[in-house]
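**Student:** Got a structure for you, questions after.
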4 protein chains.
Amino acid sequence: VSGKIADSNLADKGRRSYEWASSRMDIVEKIRARNESSQPLTGFRLGFCLHITKETSVLAMAAKSLGADIAICSANPLSAQDDIAAFLYNEGLNVYAWRGETEPEYHQCIRNVLAFKPVIVTDDGGDLHSLAHQQNAKGIEGGTEETTSGVKRLAALERTSMLLYPVIAVNNARTKYLFDNRHGTGQSTLDGILRATGILLAGKNLVVCGYGWVGKGVATRARGMGAIVIVTEVDPIKAIEAKMDGFAVMPMLDAAPAGDIFVTCTGQTCVIRKEHFLKMKDAAILANAGHFDVEIDTKNLYGISSCHPVQINPNIERFDVNGRRLFLLSKGRVVNLVAAEGHPPEVMALSFANQLLSILYIAKNHDKMEIKVHSVPEQIDQDVGSYSLDSMGIRIDQMIEEQERYQHSS
Amino acid sequence: VSGKIADSNLADKGRRSYEWASSRMDIVEKIRARNESSQPLTGFRLGFCLHITKETSVLAMAAKSLGADIAICSANPLSAQDDIAAFLYNEGLNVYAWRGETEPEYHQCIRNVLAFKPVIVTDDGGDLHSLAHQQNAKGIEGGTEETTSGVKRLAALERTSMLLYPVIAVNNARTKYLFDNRHGTGQSTLDGILRATGILLAGKNLVVCGYGWVGKGVATRARGMGAIVIVTEVDPIKAIEAKMDGFAVMPMLDAAPAGDIFVTCTGQTCVIRKEHFLKMKDAAILANAGHFDVEIDTKNLYGISSCHPVQINPNIERFDVNGRRLFLLSKGRVVNLVAAEGHPPEVMALSFANQLLSILYIAKNHDKMEIKVHSVPEQIDQDVGSYSLDSMGIRIDQMIEEQERYQHSS
Amino acid sequence: VSGKIADSNLADKGRRSYEWASSRMDIVEKIRARNESSQPLTGFRLGFCLHITKETSVLAMAAKSLGADIAICSANPLSAQDDIAAFLYNEGLNVYAWRGETEPEYHQCIRNVLAFKPVIVTDDGGDLHSLAHQQNAKGIEGGTEETTSGVKRLAALERTSMLLYPVIAVNNARTKYLFDNRHGTGQSTLDGILRATGILLAGKNLVVCGYGWVGKGVATRARGMGAIVIVTEVDPIKAIEAKMDGFAVMPMLDAAPAGDIFVTCTGQTCVIRKEHFLKMKDAAILANAGHFDVEIDTKNLYGISSCHPVQINPNIERFDVNGRRLFLLSKGRVVNLVAAEGHPPEVMALSFANQLLSILYIAKNHDKMEIKVHSVPEQIDQDVGSYSLDSMGIRIDQMIEEQERYQHSS
Amino acid sequence: VSGKIADSNLADKGRRSYEWASSRMDIVEKIRARNESSQPLTGFRLGFCLHITKETSVLAMAAKSLGADIAICSANPLSAQDDIAAFLYNEGLNVYAWRGETEPEYHQCIRNVLAFKPVIVTDDGGDLHSLAHQQNAKGIEGGTEETTSGVKRLAALERTSMLLYPVIAVNNARTKYLFDNRHGTGQSTLDGILRATGILLAGKNLVVCGYGWVGKGVATRARGMGAIVIVTEVDPIKAIEAKMDGFAVMPMLDAAPAGDIFVTCTGQTCVIRKEHFLKMKDAAILANAGHFDVEIDTKNLYGISSCHPVQINPNIERFDVNGRRLFLLSKGRVVNLVAAEGHPPEVMALSFANQLLSILYIAKNHDKMEIKVHSVPEQIDQDVGSYSLDSMGIRIDQMIEEQERYQHSS
C-alpha cells in the first residue's frame, strides 16, 4: 500500500465516522451484501477522485469488499477529511489526500492515482478524467462522473471525438436528480441558516429567489418550518408553478422591503444587488444556496456599507446600510456547505448507489460499451430505487398479468 | 346562421354561465383584448369539436370577437350543456349540439361542422380530425388537438404519411400539463368525494393508488384537508418520491385493511380487486379519479356482494361483503366529473389560452408550417405564462444585462 | 304512536340516509352496543327538540334501542328533513316535524313534545327548555343543551334561581369544541365555496377575517388546498398566532385589493363593508362562515351596486361596483350550511356521543344532581374520546405504574 | 461597580453577541425606546437571577437604559456565557457569574445579589426568591418569576401565608405559553437533531411521544421537513387531536419497530423503555425534548447493550442491542439545549418583554399590589402582543364603533 495522508492516528476517529455514515447509507450496504459472494470487482483497479468524506468512505469500502483494488485522491484541495483519509489508508487503500493541499500537490495526488493504473475511474468534477486524457488513458476501460460540470467537460471531448473510454454520467439518474437538490439542498440550506443564526423561522417572511429544484426545496421546507414564503422568478411558467403551489410571487424590488430572510437559489449572478440592499428592512438576513458565490452581489454590499462589516460569529457579518443592519451569512458562499454539512448521507447514498452499480456495470460490460457519455442504464436507476425501498423497509406492488396486458394494449 | 340545439329559451341562462366562467378565465379575455383591434381571425372559418361547457363558450366567444366565423359541435354525445349551446347559437355561431345525441346524430353534427368548410379545426379527442381525413380535408390549413388520445391518433396518421394538415398538440404545453392533472384533478377529485358523501376528511386514512401527476395532486390536497395519506405504487422511483414527500407507502394488500377512503389514480386496470375488497374495513369508501372505469374492479365487487347493492344517493352504492359495508362512488367512474364539475375554469383557461394562441399562430403561419404534429411553440407557452401572471395581477423580474451575459457564458 | 309529519312514503329514503349516517357515526353505535343488554333507558320518556337530520336520527334510534320512549320536534321551522321525520315516525317515535312549519305550528310541535311528559329533555337552542319553564316542567328530572346560545338562556335562569331541573351543557365538552369549529366548519366552509363556484383554490389569495377556531380551521384547510392565505384580526395575540402559523396578516383595507376570495369568521358585524368593497379586485368572491349574516355588510353592497344584482346560480349573486364585479355567495348567509351540508356526520357523532352519554348519566344520577347548569362530566368527555378512538380502530398507551407514581410525585 | 466574572477581555465578543440578539429582539428594544425619555426605573435597584445569555443581556441593558441599577447572578452554575458576563460587567452592571461555579459559589453569587439590596427581584427557577425569603426580604417591593417550577415554589409560600412580597408569574402570559413550547421548542428540537446527526428528515418515520404543546410543535415541524409522523399518547382526547391533525396514532409497542427517529415530549418517565428498545429497527435514533432526562430509560439501555456504548461524536452514542444499532442523542438530555441553542431569541423576546413590562408595572404599582402570586396583567399581555406586531411590521384592524356596540349587545 502506498499513499500520503495527514495523520494516521486519526484512523479510529475516521472509522467511527465511517460506521455512522454506513448506518445512514443502507442502500450501498445492501448492494455490497448482495454482491459480496461473487466478488465481481476482483482484479479491477479503481481510481477515485472524490471528496474524502464519511459518505465517500462508505462507497470506497463497499467497492473494496467486492474485490477491488483502490487508489483515491481528493476532488478538491480543501475538502478532504483527514480522519477519513487515515481510516481508508489504514484499511489498505492507496490514499493521496489531506486537507489543505497546495495546487501542485493536488495535481500530484491525481497523477498518483493515474500511476496506479486504474481500469475504471470515478470522478467528481472532471479533473481526473481530464488529466487521464491529457496524459495516459491506456488501460482505462470505463469511467463514471458525479457532476454536471464534469459531464459537460466529457461531452465536449465526445463532440470532438477525443473521448478515450466510455463514461457513465451518474448525474442524470432519476434517483439522483429527483432527490438531491429538492430534498438534500432544501433541508440543508435551512440547517445552515439555523446553525449560523439560531433564529426562529416561524412567522418570518422568507424570500426564495428562483423556483427551480433548489428553490422548490427551500420554499417547501421553509413553509414547513412556519415561514411565510415569497418567491421571485424571471420565468413566467415557474412563477405560476410557485403561485399554484401556494407561495406569494413578486419582483425582487417589492420583496426586498418585505423580507426578513433572503435565500438565493438561481444559479444566476447579481440576483440581490444594490437596488435591493437599499430597500431592505433593518436586521434582514442574506444567504445563498447556489453553487457559486455570485448570486448576492457582495462586492456591492461591501461598497455601500457605511463601515467595515462586523464579524458577529464565523458565519455572520453585519453591514450598515443607511442606518440599517444587514446580516450576510457565510460571505455569500453556499450556506448548506459552509455553515452546515451539505447533503445528508441518505442523499449521497442514492448517488453512490448509482456509482457503485455503474462501476459494476462497467466491470461486466466494458467490452460492449460504446465510447461515449452514457446515461445511467434504466435498469440501474430502477435497481437503486428497489434497493432504496428495501433499505427503508418498504414493499410495493407488482403489476399482475392482467395489468401488463392492459398497459401494452393501450 | 345555421344549427341545431335543444332549446333557444335557455340562451339567457347560458349567458349568465358564460359571464361567470369568463370572470374566472381572465387569461383568455386578456388575449382577446390585446388582439381585438387587429381582428386577426377575420376571414377565417373555424370548426370546433369541443365539450359544450361554459368554459368552451369563453374560448368560442373570444375567437368570434377576433373576427372568426365559427361552427361548433360537441366532442361527446352526452356532455353538451344545452343552455350554453343556446347562448352560442344566439350569439350567431353555427351550433350543432344538444345533450343526449344518438350516435348517428353525433356524427352528423361533426359532418355539419365539416360542411361549414372550416380553415382551422380544433378538436378534443380526434373525432373531427379523423372524419376530416376520411372525408374531405380540403381547405383545412391547420388544426389543434386538446387531448393525449387525440394526439395519438394524429401521430399514427403522421407515421403513415397520411396526415393532411399541420396540427398543434396543445396537450403538451407546459402551461397545460404542469397544472391540469395535479391542481385541477387534485382538487376536483376531493370535491367530488365531498359532494357525494359529505364526510370529514380530517383524521381519515386515505389511500391513493398511483403517484403520477393525478396521484400527487390528490395526495397533496388530501393531506391539506387533514387526511393521513397512504400511497401504493408499482414503480420503485415513484414510490420513493412519495415517501420523500412525506407519505406512507405500502402494498395494496396492506393498505386495504387500513384505509377509510380509496382513490385510484393509475390509468391501470384492476388496481383494487377481489383480494383487496375482502380485507377492507367496514364502511370503507371507494372512488376512482382515472379516466376509465376500470381501476376499481366493480364487476367483481358486484359479484362478491351478498345482496344487490343499495343506492344510498345518486353517487353512492352500498355493497355488503362478508358482513362489511363498502361504499362505491359514481359506479367507479371518474369521480370529479360525475360527482363534481371536472376541471375548474382556471385550469381550462390555461388550456384554452394555448388553444386560442395556437389558432392565431396557425392563422398567421399556416403557409410555413410543416405538415406534422407540432408541439405548442415555446413562445406561446411563455406567452400563456405571461398572460396568466398578468391575469393574476403578478409581476416578476426581468433578467438584467449582466445576467443575460452570465447565462450565456456558462 | 302519535305525531305529525309531511309524508310517510318518504320513510324508506329516510332509512337509507339514516343507515349512511350510521356508518359514519360509529361512536354512537358503539355506545349503543355496549349498553344495549342492560336497557338503561327503559321507562324513561325522552323529549327531543333537535334539527331533524340524518345525524339526529342516529342519536334517536340509539336512545330508542336502549329502551327509551321518545317524542321529537324540530329545533328550527325550516331545518327538518321530511324523509328522516317519516323514517323515525315509522320506527315508532312520536314525531312532530315537517319542513316549512309556520311559527305557530313550530311552537305547537314543541308543546306536543312537552305534552308527552318527558323525564329528560334534550334541546338545541333552548326553545324547549324555555317553554318547559314557562308552562310545566313537572316530571322533568334533567336536560341537556347542544348550543352556546341555549346554555346562555339556561345560565340566565340559573342566575335568577328560576332553573327547575339540572341541565348538562354538552356544548362545553372538549370532545365537542376542540373539533367541531376547527375541523367541521373548516372543511365544510371550503366545501360550500366549491359547490357554489367550482373555482380553483390553488394560487388564490384567500382572506380569512378572524383567527378564532373557525378562522384557524378555514385558514388551515385553504392553505391545504393551495391557497395563499391572508388573515385579518383585531386582537394582537391572535394576530401573532396567525403569523407564527405561517399566514400573512394585514388590515382589511390592505387585504381588500389583494384578495381573490374573502371568508368572514368573526362573529362580528360589518367586517367587510363599503370602504372594503370599493377597493376590491374585479371578480372577487365573498363568503361568510359565521353564524349570522351580519359579517358582510350586504345592505351596503346592494346600495353601492350600479344595478340589480344578477343571480348567477342559486348561490352566487353578481354585483357591479365601480365597473368591477363582486360575487356574493349565499347572500352572505353561513356558506357551509346554505351551499353545502354543514357539519360532517363524524363531527356530529362526537357531539351526539356526548348527548347520549349525558342522557344516560342523567337517567342514572338525576336524584343526586344539583339543579344547575353542569359541565359535561370529565369521565364522559374521556369516554367519548375512548369510544372515538375505538371507532377509528386506534389503540393508545396506558400509563405504567411507575409513570402514575412519577406524575403524582411532581 | 462590584462583581466577579471569568475574564473581562471577553467583553467585546460579548458585545457583538448582545448586538446580534438585540437585532432579533426588537420587541424589547421597542419597549425601551418608548419609555426611555421618562426613565421610569430611576432609583430602582433590580436583582436578577437569570441564565446569563445573549438574550438576557438584552433585557438587562434595556432595564439599565430605563434608569435601573442592576445586580445579576446566574440561575444555573453551568449556564453562564462568560463573554456576556464580561460585557455586562463592562457596561457597569454588578455581575456575579461565571461558567462552572461550584455549588457554594453559586449560592454566594445569589447572596451577593441580595446584598445589593434590590427593590425588585427577577428570578428563573425560584432560588433567588427562596433565599430572599429565608434570609432577608426587607426592602423588596415585588418580584417576577420566569418558570413554572419557580411559580410552584412561590405558590407554596403563598398558601402558607409566608410570601413576603407580590410576585408576577410571567410564565402564564399568553404571549409566552402560546409560543415558546410549540414554536420555540418545536423548531429547536429538530435543529438539535440535525446538528447532532446531519440526517435527512424527508421520508423518515418520526415518532413523537406525547401530543402536548411540545409534541404538537415537534410533530408539525417534522411533517414540515418531510417526515412521516407517528404520535403516541396516553390521553384519548389528545390522541384524537393528533389524528384529526393528520398524524398516525398508535401504541409505543407498535411504533417501536416502525420508527426511524423517536422524540419524547411528555414530561413523563420511562416513555421509551426496554420493551421498546428490543423491538426497534437497526440504526434507529433516540432523542428527548423534555426538560428532564427521564423520558428515555437510558439506564436500561446501557444495561441491555451488548457492549460499551461507542461515542460517535459529542452528541451521539451507539448501543448494540440484539445485533441492532441504536443511536442515543445527548445522553437522553433535552436535545434542543444540549445539541442546539435552546429557544430562539425571538421566543425569548416575548418572554422578556413580559418581564420588562412587569418590572415597570411593579415599579409603578407596588404600593397597591396585594402580596400574592399575580398573573401577568391582561394589559401587559396585550401590550406585548402590540409591541410584537409592531416589531414585525404588522398592522391590524381596530374595532369600529358599530362593532363595539354589537359585541356588547350579544
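The way I read the labels, and the way they are meant: chains A, B, ... in the order of the C-alpha cells, residue 1 as the first residue of every chain, and ligand 1 as the first ligand shown, with later ones counted on from there.
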Between chain A and chain B, at 8 Å or less, what are the per-residue closest atom pairs and their distances in Å? Count only C-alpha atoms, order by chain and rising residue number, and return it as CSV.

**Tutor:**
residue,atom,partner,partner_atom,distance
A:Arg174,CA,B:Ile237,CA,7.8
A:Thr175,CA,B:Ile237,CA,6.8
A:Leu178,CA,B:Glu241,CA,7.7
A:Phe179,CA,B:Glu241,CA,7.9
A:His183,CA,B:Met244,CA,7.6
A:Thr232,CA,B:Ile396,CA,6.6
A:Glu233,CA,B:Ile396,CA,6.0
A:Val234,CA,B:Asp397,CA,4.8
A:Asp235,CA,B:Ile396,CA,7.9
A:Pro236,CA,B:Gly385,CA,5.0
A:Ile237,CA,B:Gly385,CA,5.1
A:Ala239,CA,B:Ile396,CA,7.6
A:Ile240,CA,B:Leu389,CA,6.8
A:Glu241,CA,B:Leu178,CA,7.7
A:Met244,CA,B:His183,CA,7.6
A:Val249,CA,B:Ile394,CA,6.8
A:Met250,CA,B:Ile396,CA,5.5
A:Pro251,CA,B:Ile396,CA,4.5
A:Met252,CA,B:Asp397,CA,6.7
A:Gln268,CA,B:Gln403,CA,6.5
A:Thr269,CA,B:Gln403,CA,5.9
A:Cys270,CA,B:Gln403,CA,7.2
A:Gln382,CA,B:Pro236,CA,6.5
A:Gly385,CA,B:Pro236,CA,5.0
A:Ser386,CA,B:Pro236,CA,5.6
A:Ser388,CA,B:Ile240,CA,7.7
A:Leu389,CA,B:Ile240,CA,6.8
A:Ile394,CA,B:Met250,CA,6.4
A:Arg395,CA,B:Met250,CA,5.7
A:Ile396,CA,B:Pro251,CA,4.5
A:Asp397,CA,B:Val234,CA,4.8
A:Gln398,CA,B:Val234,CA,5.4
A:Met399,CA,B:Val234,CA,6.5
A:Glu402,CA,B:Thr269,CA,7.6
A:Gln403,CA,B:Thr269,CA,5.9
A:Tyr406,CA,B:Thr269,CA,6.8
A:Gln407,CA,B:Gln268,CA,7.0

**Student:** Would you kindly return, as an NGL selection string, each protein, DNA or RNA residue with an atom no farther than 6 Å from any atom of range 167-169 of chain D, considering only C-alpha atoms and excluding same-chain residues fewer than 6 positions away?

**Tutor:** :D and (142-145 or 373-376)

**Student:** May I have a table of the residues of range 304-391 of chain C lying at most 9 Å from range 55-67 of chain C, giving each one's closest pair of atoms and their distance in Å to one decimal, counting only C-alpha atoms, ordered by chain and ascending residue number, as JSON lines?

**Tutor:**
{"residue": "C:Pro345", "atom": "CA", "partner": "C:Glu55", "partner_atom": "CA", "distance": 6.2}
{"residue": "C:Met348", "atom": "CA", "partner": "C:Glu55", "partner_atom": "CA", "distance": 6.7}
{"residue": "C:Ala349", "atom": "CA", "partner": "C:Glu55", "partner_atom": "CA", "distance": 7.5}
{"residue": "C:Phe352", "atom": "CA", "partner": "C:Leu59", "partner_atom": "CA", "distance": 6.3}
{"residue": "C:Ala353", "atom": "CA", "partner": "C:Leu59", "partner_atom": "CA", "distance": 8.0}
{"residue": "C:Gln355", "atom": "CA", "partner": "C:Leu59", "partner_atom": "CA", "distance": 8.2}
{"residue": "C:Leu356", "atom": "CA", "partner": "C:Leu59", "partner_atom": "CA", "distance": 7.0}
{"residue": "C:Ile359", "atom": "CA", "partner": "C:Ala63", "partner_atom": "CA", "distance": 8.8}

**Student:** Identify, on the basis of only C-alpha atoms, every residue whose closest approach to Asp82 in chain C does not exceed 12 Å; exclude the query and any residue fewer than 2 positions from it along the same chain; express the result as number ranges by chain.

**Tutor:** C: 4-15, 17, 51-54, 57, 73-74, 77-80, 84-89, 95-101

**Student:** Would you list, as a PyMOL selection string, the residues of range 116-237 of chain B that end up in alpha helix (DSSP H) under DSSP run on this structure's backbone?

**Tutor:** chain B and resi 127-134+148-159+174-177+186-197+213-224+236-237

**Student:** Would you mind listing what lies within 10 Å of Asp127 in chain D as a ChimeraX atom specification, with only C-alpha atoms counted and same-chain residues fewer than 5 positions away left out?

**Tutor:** /D:49,75-76,107,110,132-133,150,153

**Student:** Selected residues, N, CA and C atoms, written as a tab-separated table (two decimals), in the first residue's frame, please.

**Tutor:**
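Produced file selection_4.tsv, reproduced below:
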chain	number	residue	atom	x	y	z
D	49	CYS	N	-31.69	37.04	38.79
D	49	CYS	CA	-31.07	35.72	38.85
D	49	CYS	C	-31.55	34.98	37.59
D	75	ALA	N	-28.67	31.81	36.98
D	75	ALA	CA	-29.73	30.94	37.52
D	75	ALA	C	-29.33	29.47	37.51
D	76	ASN	N	-28.10	29.21	37.06
D	76	ASN	CA	-27.64	27.82	37.00
D	76	ASN	C	-26.11	27.86	36.98
D	107	HIS	N	-24.35	29.80	45.29
D	107	HIS	CA	-25.18	30.42	46.32
D	107	HIS	C	-24.60	31.74	46.80
D	110	ILE	N	-25.75	34.44	44.51
D	110	ILE	CA	-27.12	34.89	44.80
D	110	ILE	C	-27.12	35.81	46.02
D	132	ALA	N	-34.17	34.90	49.41
D	132	ALA	CA	-34.67	36.17	49.95
D	132	ALA	C	-35.63	35.89	51.10
D	133	HIS	N	-36.49	34.89	50.93
D	133	HIS	CA	-37.44	34.59	52.00
D	133	HIS	C	-36.77	33.98	53.22
D	150	GLY	N	-40.58	27.64	39.45
D	150	GLY	CA	-40.42	28.75	40.38
D	150	GLY	C	-41.77	29.22	40.91
D	153	ARG	N	-43.06	27.03	43.69
D	153	ARG	CA	-42.44	27.28	45.00
D	153	ARG	C	-43.06	28.52	45.66

**Student:** For CA of Asn90 in chain B and CA of Cys109 in chain B, determine how far apart the two atoms are, in Å to one decimal place.

**Tutor:**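 Atom-to-atom, CA of Asn90 in chain B to CA of Cys109 in chain B, that is 17.8 Å.
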
**Student:** Which of range 3-249 of chain A counts as strand (DSSP E or B) under DSSP, as a CSV table (one decimal) with N, CA and C atoms, in the first residue's frame please?

**Tutor:**
chain,number,residue,atom,x,y,z
A,3,GLY,N,0.7,5.8,-0.4
A,3,GLY,CA,-0.2,6.9,-0.1
A,3,GLY,C,0.4,8.0,0.7
A,4,LYS,N,-0.3,9.1,0.8
A,4,LYS,CA,0.2,10.2,1.6
A,4,LYS,C,-1.1,10.8,2.3
A,45,ARG,N,-8.7,-2.6,-10.8
A,45,ARG,CA,-8.1,-1.5,-10.1
A,45,ARG,C,-9.0,-0.3,-10.4
A,46,LEU,N,-9.4,0.4,-9.3
A,46,LEU,CA,-10.3,1.5,-9.4
A,46,LEU,C,-9.5,2.8,-9.0
A,47,GLY,N,-9.7,3.9,-9.8
A,47,GLY,CA,-9.2,5.2,-9.4
A,47,GLY,C,-10.3,6.1,-9.0
A,48,PHE,N,-10.3,6.6,-7.8
A,48,PHE,CA,-11.3,7.5,-7.4
A,48,PHE,C,-10.7,8.9,-7.2
A,49,CYS,N,-11.5,9.9,-7.7
A,49,CYS,CA,-11.1,11.3,-7.4
A,49,CYS,C,-12.4,11.9,-6.8
A,50,LEU,N,-12.6,11.9,-5.5
A,50,LEU,CA,-13.9,12.2,-4.9
A,50,LEU,C,-13.6,13.1,-3.6
A,69,ASP,N,-9.2,-3.2,-6.0
A,69,ASP,CA,-8.0,-2.5,-5.5
A,69,ASP,C,-8.2,-1.0,-5.8
A,70,ILE,N,-8.0,-0.2,-4.8
A,70,ILE,CA,-8.4,1.2,-5.0
A,70,ILE,C,-7.3,2.2,-4.7
A,71,ALA,N,-7.2,3.2,-5.6
A,71,ALA,CA,-6.4,4.4,-5.2
A,71,ALA,C,-7.3,5.6,-5.2
A,72,ILE,N,-7.2,6.5,-4.3
A,72,ILE,CA,-8.1,7.6,-4.2
A,72,ILE,C,-7.4,8.9,-3.8
A,73,CYS,N,-7.8,9.9,-4.5
A,73,CYS,CA,-7.4,11.3,-4.1
A,73,CYS,C,-8.6,12.2,-4.0
A,74,SER,N,-8.3,13.4,-3.5
A,74,SER,CA,-9.4,14.3,-3.2
A,74,SER,C,-9.8,15.1,-4.4
A,94,ASN,N,-4.9,2.9,-1.3
A,94,ASN,CA,-3.9,3.9,-1.6
A,94,ASN,C,-4.5,5.3,-1.6
A,95,VAL,N,-4.2,6.0,-0.5
A,95,VAL,CA,-4.9,7.3,-0.3
A,95,VAL,C,-3.8,8.4,-0.5
A,96,TYR,N,-4.2,9.3,-1.4
A,96,TYR,CA,-3.3,10.5,-1.6
A,96,TYR,C,-4.2,11.8,-1.3
A,120,ILE,N,-10.9,1.3,-14.0
A,120,ILE,CA,-12.2,2.1,-14.0
A,120,ILE,C,-11.9,3.4,-13.2
A,121,VAL,N,-12.3,4.5,-13.7
A,121,VAL,CA,-12.0,5.8,-13.0
A,121,VAL,C,-13.4,6.5,-12.6
A,122,THR,N,-13.4,6.9,-11.4
A,122,THR,CA,-14.7,7.6,-10.9
A,122,THR,C,-14.3,9.0,-10.4
A,123,ASP,N,-15.0,10.0,-11.0
A,123,ASP,CA,-14.5,11.4,-10.8
A,123,ASP,C,-15.7,12.2,-10.3
A,142,GLY,N,-13.3,2.3,-18.6
A,142,GLY,CA,-14.5,3.0,-18.5
A,142,GLY,C,-14.4,3.9,-17.2
A,143,GLY,N,-15.4,4.8,-17.2
A,143,GLY,CA,-15.4,5.8,-16.0
A,143,GLY,C,-16.8,6.2,-15.7
A,144,THR,N,-16.9,6.9,-14.5
A,144,THR,CA,-18.1,7.5,-14.1
A,144,THR,C,-17.9,8.9,-13.7
A,145,GLU,N,-18.9,9.7,-13.8
A,145,GLU,CA,-18.8,11.1,-13.4
A,145,GLU,C,-20.0,11.6,-12.6
A,167,VAL,N,-18.0,6.6,-20.5
A,167,VAL,CA,-18.2,7.2,-19.2
A,167,VAL,C,-19.7,7.2,-18.9
A,168,ILE,N,-20.1,6.8,-17.7
A,168,ILE,CA,-21.5,6.9,-17.3
A,168,ILE,C,-21.7,8.1,-16.5
A,169,ALA,N,-22.7,8.9,-16.9
A,169,ALA,CA,-23.0,10.2,-16.3
A,169,ALA,C,-24.0,10.0,-15.1
A,205,ASN,N,-40.9,36.4,7.1
A,205,ASN,CA,-41.1,36.5,5.7
A,205,ASN,C,-39.8,36.0,5.0
A,206,LEU,N,-39.8,34.9,4.4
A,206,LEU,CA,-38.6,34.3,3.8
A,206,LEU,C,-38.7,34.4,2.3
A,207,VAL,N,-37.8,35.1,1.7
A,207,VAL,CA,-37.8,35.3,0.2
A,207,VAL,C,-36.9,34.3,-0.5
A,208,VAL,N,-37.5,33.5,-1.3
A,208,VAL,CA,-36.7,32.5,-2.1
A,208,VAL,C,-36.5,33.0,-3.5
A,209,CYS,N,-35.3,33.2,-3.9
A,209,CYS,CA,-35.1,33.7,-5.3
A,209,CYS,C,-34.8,32.6,-6.2
A,228,ILE,N,-43.4,32.5,6.1
A,228,ILE,CA,-44.3,32.9,5.1
A,228,ILE,C,-43.4,33.2,3.9
A,229,VAL,N,-43.5,32.4,2.8
A,229,VAL,CA,-42.5,32.3,1.8
A,229,VAL,C,-43.0,33.2,0.6
A,230,ILE,N,-42.0,34.0,0.1
A,230,ILE,CA,-42.2,34.8,-1.1
A,230,ILE,C,-41.2,34.3,-2.1
A,231,VAL,N,-41.7,34.1,-3.4
A,231,VAL,CA,-40.8,33.6,-4.4
A,231,VAL,C,-40.6,34.7,-5.5
A,232,THR,N,-39.3,34.9,-5.9
A,232,THR,CA,-39.1,35.7,-7.1
A,232,THR,C,-38.6,34.9,-8.2
A,248,ALA,N,-46.5,33.3,-2.4
A,248,ALA,CA,-46.7,34.6,-2.9
A,248,ALA,C,-45.5,34.8,-3.9
A,249,VAL,N,-45.8,35.5,-5.0
A,249,VAL,CA,-44.8,35.8,-6.1
A,249,VAL,C,-44.7,37.3,-6.3

**Student:** Mind giving me the straight-line distance from CA of Gly184 in chain D to CA of Leu200 in chain A in Å, one decimal?

**Tutor:**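 So the answer is 7.2 Å.
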
**Student:** If I take CA of Cys307 in chain D and CA of Arg24 in chain A, how far is one from the other in Å, to one decimal?

**Tutor:**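 That distance, rounded to one decimal, is 21.2 Å.
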
**Student:** Identify which of the residues C:Ala202, C:Leu286, C:Glu346, C:Ile272 lies closest to Gly217 in chain B, counting only C-alpha atoms when measuring atom-to-atom distances.

**Tutor:**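 Closest candidate: C:Ala202.
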
**Student:** Could you list, as a ChimeraX atom specification, every residue within 9 Å of Asp320 in chain C, counting only C-alpha atoms and ignoring same-chain residues fewer than 6 positions away?

**Tutor:** /C:304-309,326-327

**Student:** Do you know which residues are at most 6 Å from Phe44 in chain B counting only C-alpha atoms, after dropping those on the same chain fewer than 2 positions away, and could you put them as a list of chain:residue names?

**Tutor:** B:Leu41, B:Thr42, B:Ala68

**Student:** Just the selected residues (C-alpha atoms), exported as a tab-separated table (two decimals), in the first residue's frame, please.

**Tutor:**
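Saved file again-v3.tsv follows:
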chain	number	residue	atom	x	y	z
B	41	LEU	CA	-59.16	35.94	-37.39
B	42	THR	CA	-61.18	37.94	-39.90
B	68	ALA	CA	-63.68	34.35	-36.79
